[in-house]
Amino acid sequence: MQKKMLDFASSRGLALPQEATEQLALYADLVWQKKDFLNLTSVGEKEEIFTRHLCDGLSAAAFLALEAKQDCFSVADMGAGAGYIGLSVAAALPKAQVTLVESLQKRCSFMNWVILKLGLKNASVLCARLGQKDVGTFDFVTERAMGQINDILPLIAPCVKEGGLFLPYQSDPAEAQKSLLEKLGFSAKTPVSYTLPEEKKERFLAIFKKEWTL
């Protein structure tokens with residue numbers, strides 16, 4: 001199961017250290033253990049946690065490893081759910097400071113439990129709903145499955161630092177309204193495409209940059 005994950009990471013130019021590999025394997029075990037009780041995933045086999053969820057997170061980690069201009073940088077995973085994106089990034093990139101933002105208390109409790117079990121020192125959980133609480137600003141913000149891009153952008157915009165990037169996951173490269181991007185001070189960049197193990201359909205990591213203001 002781990003081999004497919006490692007091969008995928010390598011194909012994206014991301015070398016996973018042994019500690020990260022062990023942490024992600026334990027994470028998959030914990031998800032599998034609690035998946036039905038907490039409704040964490042619909043997968044029928046544990047291998048799918050690696051090939052669907054963790055590889056999705058590692059696609060962002062690979063991008064961030066190349067894009068980050070400084071050694072230490074901040075990442076927020078909005079609507080983190082069970083933490084697939086943010087915790088994968090935290091394990092793969094120890095110098096990234098990752099905040100998992102989630103509104104459901106039971107999922108926040110699960111992620112805090114996982115962080116303790118994995119011994120992650122660079123991840124924290126914030127139980128909050130976007131638009132109702134100031135969650136801070138970050139160099140990079142990821143998001144998966146929160147809704148349509150034009151509905152999400154106004155909620156995410158205040159959380160991205162000037163010069164920072166918003167990275168939503170998309171099954172198709174849906175375009176944001178140009179007028180909305182201009183209003184919020186963002187520009188759209190060419191999305192990153194990738195294919196998960198055992199899938200043929202392309203997926204996309206969209207890229208929106210928050211421009212500097214004068």
# chains A, B, ... in the order shown; residues from 1 in each chain; ligands from 1
>>> residues_around(residues="Gly185 of chain A", least_positions_apart="6", cutoff="12 Å", atoms="only C-alpha atoms", output="ChimeraX atom specification")
/A:153-154,156-158,160-166,178-179,208-214
>>> select_by_dssp(residues="segment 2-209 of chain A", states="strand (DSSP E or B)", output="PyMOL selection string")
chain A and resi 73-78+96-102+123-127+130+133+138-143+160-170+186-194+203-209
>>> closest_atom_pairs(of="segment 126-156 of chain A", to="segment 72-94 of chain A", cutoff="6 Å", atoms="only C-alpha atoms", output="CSV")
residue,atom,partner,partner_atom,distance
A:Phe138,CA,A:Ser74,CA,5.3
A:Asp139,CA,A:Ser74,CA,5.2
A:Phe140,CA,A:Val75,CA,4.8
A:Val141,CA,A:Ala76,CA,4.8
A:Thr142,CA,A:Asp77,CA,4.8
A:Glu143,CA,A:Met78,CA,5.2
>>> residues_around(residues="Arg52 of chain A", least_positions_apart="4", cutoff="7 Å", atoms="only C-alpha atoms", output="list in words")
Glu48, Asp56 and Leu196 of chain A
>>> closest_residue(among="A:Leu30, A:Leu184, A:Ala145, A:Val135", to="Lys117 of chain A", atoms="only C-alpha atoms")
A:Leu30
>>> atom_distance(atom1="atom CA of Lys106 of chain A", atom2="atom CA of Ala62 of chain A")
29.1 Å
>>> residues_around(residues="Lys46 of chain A", least_positions_apart="4", cutoff="9 Å", atoms="only C-alpha atoms", output="ChimeraX atom specification")
/A:1,28-29,31-32,50
>>> select_by_dssp(residues="chain A", states="alpha helix (DSSP H)", output="VMD selection string")
chain A and resid 2 to 11 18 to 38 47 to 48 55 to 67 84 to 92 105 to 118 149 to 156 178 to 184
>>> closest_residue(among="A:Arg129, A:Lys201, A:His53, A:Lys121", to="Leu104 of chain A", atoms="only C-alpha atoms")
A:Arg129
>>> atom_distance(atom1="atom CA of Lys183 of chain A", atom2="atom CA of Cys127 of chain A")
28.4 Å
>>> closest_residue(among="A:Asp36, A:Glu102, A:Glu175, A:Asp71", to="Ala206 of chain A", atoms="only C-alpha atoms")
A:Glu175
>>> closest_residue(among="A:Ala68, A:Cys108, A:Ala188, A:Leu155", to="Gln132 of chain A", atoms="only C-alpha atoms")
A:Leu155
>>> decode(residues="segment 148-179 of chain A", atoms="N, CA, C and O atoms", output="mmCIF file, in the first residue's frame")
data_model
loop_
_atom_site.group_PDB
_atom_site.id
_atom_site.type_symbol
_atom_site.label_atom_id
_atom_site.label_comp_id
_atom_site.auth_asym_id
_atom_site.auth_seq_id
_atom_site.Cartn_x
_atom_site.Cartn_y
_atom_site.Cartn_z
ATOM 1 N N GLN A 148 -18.336 25.541 -4.879
ATOM 2 C CA GLN A 148 -17.962 26.186 -6.133
ATOM 3 C C GLN A 148 -16.946 27.297 -5.883
ATOM 4 O O GLN A 148 -17.035 28.030 -4.894
ATOM 5 N N ILE A 149 -16.011 27.446 -6.826
ATOM 6 C CA ILE A 149 -14.903 28.376 -6.624
ATOM 7 C C ILE A 149 -15.373 29.813 -6.405
ATOM 8 O O ILE A 149 -14.821 30.540 -5.572
ATOM 9 N N ASN A 150 -16.415 30.242 -7.117
ATOM 10 C CA ASN A 150 -16.869 31.627 -6.973
ATOM 11 C C ASN A 150 -17.558 31.880 -5.629
ATOM 12 O O ASN A 150 -17.655 33.022 -5.189
ATOM 13 N N ASP A 151 -18.040 30.824 -4.993
ATOM 14 C CA ASP A 151 -18.622 30.961 -3.660
ATOM 15 C C ASP A 151 -17.548 30.926 -2.571
ATOM 16 O O ASP A 151 -17.699 31.550 -1.521
ATOM 17 N N ILE A 152 -16.470 30.193 -2.831
ATOM 18 C CA ILE A 152 -15.427 29.992 -1.835
ATOM 19 C C ILE A 152 -14.451 31.159 -1.762
ATOM 20 O O ILE A 152 -14.000 31.550 -0.685
ATOM 21 N N LEU A 153 -14.134 31.725 -2.920
ATOM 22 C CA LEU A 153 -13.106 32.769 -2.978
ATOM 23 C C LEU A 153 -13.329 33.916 -1.987
ATOM 24 O O LEU A 153 -12.385 34.330 -1.298
ATOM 25 N N PRO A 154 -14.537 34.477 -1.866
ATOM 26 C CA PRO A 154 -14.717 35.575 -0.909
ATOM 27 C C PRO A 154 -14.449 35.169 0.540
ATOM 28 O O PRO A 154 -14.037 36.006 1.356
ATOM 29 N N LEU A 155 -14.689 33.898 0.874
ATOM 30 C CA LEU A 155 -14.428 33.423 2.236
ATOM 31 C C LEU A 155 -12.944 33.207 2.479
ATOM 32 O O LEU A 155 -12.437 33.454 3.569
ATOM 33 N N ILE A 156 -12.255 32.740 1.447
ATOM 34 C CA ILE A 156 -10.834 32.420 1.571
ATOM 35 C C ILE A 156 -9.953 33.665 1.492
ATOM 36 O O ILE A 156 -8.909 33.740 2.144
ATOM 37 N N ALA A 157 -10.354 34.627 0.683
ATOM 38 C CA ALA A 157 -9.506 35.788 0.381
ATOM 39 C C ALA A 157 -8.878 36.449 1.612
ATOM 40 O O ALA A 157 -7.680 36.750 1.611
ATOM 41 N N PRO A 158 -9.634 36.699 2.701
ATOM 42 C CA PRO A 158 -9.019 37.358 3.849
ATOM 43 C C PRO A 158 -7.952 36.513 4.553
ATOM 44 O O PRO A 158 -7.182 37.053 5.370
ATOM 45 N N CYS A 159 -7.894 35.211 4.242
ATOM 46 C CA CYS A 159 -6.965 34.304 4.922
ATOM 47 C C CYS A 159 -5.624 34.174 4.204
ATOM 48 O O CYS A 159 -4.698 33.551 4.735
ATOM 49 N N VAL A 160 -5.524 34.749 2.992
ATOM 50 C CA VAL A 160 -4.301 34.625 2.199
ATOM 51 C C VAL A 160 -3.482 35.895 2.331
ATOM 52 O O VAL A 160 -3.981 37.004 2.116
ATOM 53 N N LYS A 161 -2.212 35.749 2.677
ATOM 54 C CA LYS A 161 -1.321 36.900 2.764
ATOM 55 C C LYS A 161 -1.099 37.503 1.382
ATOM 56 O O LYS A 161 -1.182 36.805 0.366
ATOM 57 N N GLU A 162 -0.778 38.780 1.335
ATOM 58 C CA GLU A 162 -0.406 39.392 0.062
ATOM 59 C C GLU A 162 0.831 38.673 -0.482
ATOM 60 O O GLU A 162 1.788 38.417 0.239
ATOM 61 N N GLY A 163 0.781 38.324 -1.748
ATOM 62 C CA GLY A 163 1.852 37.545 -2.354
ATOM 63 C C GLY A 163 1.677 36.051 -2.165
ATOM 64 O O GLY A 163 2.440 35.258 -2.716
ATOM 65 N N GLY A 164 0.656 35.646 -1.378
ATOM 66 C CA GLY A 164 0.409 34.240 -1.097
ATOM 67 C C GLY A 164 -0.480 33.587 -2.142
ATOM 68 O O GLY A 164 -0.997 34.244 -3.052
ATOM 69 N N LEU A 165 -0.681 32.290 -1.983
ATOM 70 C CA LEU A 165 -1.437 31.518 -2.964
ATOM 71 C C LEU A 165 -2.597 30.781 -2.326
ATOM 72 O O LEU A 165 -2.483 30.229 -1.231
ATOM 73 N N PHE A 166 -3.713 30.763 -3.042
ATOM 74 C CA PHE A 166 -4.860 29.929 -2.703
ATOM 75 C C PHE A 166 -4.858 28.758 -3.665
ATOM 76 O O PHE A 166 -4.822 28.931 -4.882
ATOM 77 N N LEU A 167 -4.920 27.526 -3.114
ATOM 78 C CA LEU A 167 -4.773 26.313 -3.908
ATOM 79 C C LEU A 167 -5.978 25.388 -3.713
ATOM 80 O O LEU A 167 -5.937 24.462 -2.909
ATOM 81 N N PRO A 168 -7.056 25.616 -4.434
ATOM 82 C CA PRO A 168 -8.221 24.727 -4.327
ATOM 83 C C PRO A 168 -8.070 23.512 -5.245
ATOM 84 O O PRO A 168 -7.542 23.607 -6.358
ATOM 85 N N TYR A 169 -8.542 22.381 -4.765
ATOM 86 C CA TYR A 169 -8.570 21.160 -5.567
ATOM 87 C C TYR A 169 -9.794 21.193 -6.470
ATOM 88 O O TYR A 169 -10.886 21.549 -6.032
ATOM 89 N N GLN A 170 -9.600 20.766 -7.727
ATOM 90 C CA GLN A 170 -10.708 20.762 -8.681
ATOM 91 C C GLN A 170 -10.685 19.489 -9.513
ATOM 92 O O GLN A 170 -9.614 19.035 -9.935
ATOM 93 N N SER A 171 -11.857 18.928 -9.753
ATOM 94 C CA SER A 171 -11.946 17.782 -10.652
ATOM 95 C C SER A 171 -11.874 18.232 -12.107
ATOM 96 O O SER A 171 -11.445 17.486 -12.987
ATOM 97 N N ASP A 172 -12.278 19.471 -12.349
ATOM 98 C CA ASP A 172 -12.151 20.112 -13.656
ATOM 99 C C ASP A 172 -11.626 21.527 -13.412
ATOM 100 O O ASP A 172 -11.927 22.136 -12.383
ATOM 101 N N PRO A 173 -10.853 22.064 -14.351
ATOM 102 C CA PRO A 173 -10.274 23.394 -14.144
ATOM 103 C C PRO A 173 -11.307 24.509 -14.294
ATOM 104 O O PRO A 173 -11.301 25.269 -15.257
ATOM 105 N N ALA A 174 -12.215 24.582 -13.325
ATOM 106 C CA ALA A 174 -13.262 25.611 -13.366
ATOM 107 C C ALA A 174 -12.639 26.998 -13.187
ATOM 108 O O ALA A 174 -11.779 27.201 -12.328
ATOM 109 N N GLU A 175 -13.100 27.929 -13.969
ATOM 110 C CA GLU A 175 -12.544 29.276 -13.923
ATOM 111 C C GLU A 175 -13.348 30.155 -12.968
ATOM 112 O O GLU A 175 -14.572 30.078 -12.906
ATOM 113 N N ALA A 176 -12.627 30.991 -12.237
ATOM 114 C CA ALA A 176 -13.279 31.967 -11.373
ATOM 115 C C ALA A 176 -13.673 33.183 -12.208
ATOM 116 O O ALA A 176 -13.042 33.488 -13.229
ATOM 117 N N GLN A 177 -14.718 33.865 -11.783
ATOM 118 C CA GLN A 177 -15.155 35.062 -12.490
ATOM 119 C C GLN A 177 -14.058 36.124 -12.442
ATOM 120 O O GLN A 177 -13.511 36.422 -11.377
ATOM 121 N N LYS A 178 -13.746 36.661 -13.607
ATOM 122 C CA LYS A 178 -12.671 37.646 -13.688
ATOM 123 C C LYS A 178 -12.956 38.854 -12.808
ATOM 124 O O LYS A 178 -12.070 39.374 -12.133
ATOM 125 N N SER A 179 -14.206 39.298 -12.808
ATOM 126 C CA SER A 179 -14.571 40.466 -12.007
ATOM 127 C C SER A 179 -14.401 40.195 -10.517
ATOM 128 O O SER A 179 -14.000 41.078 -9.744
#
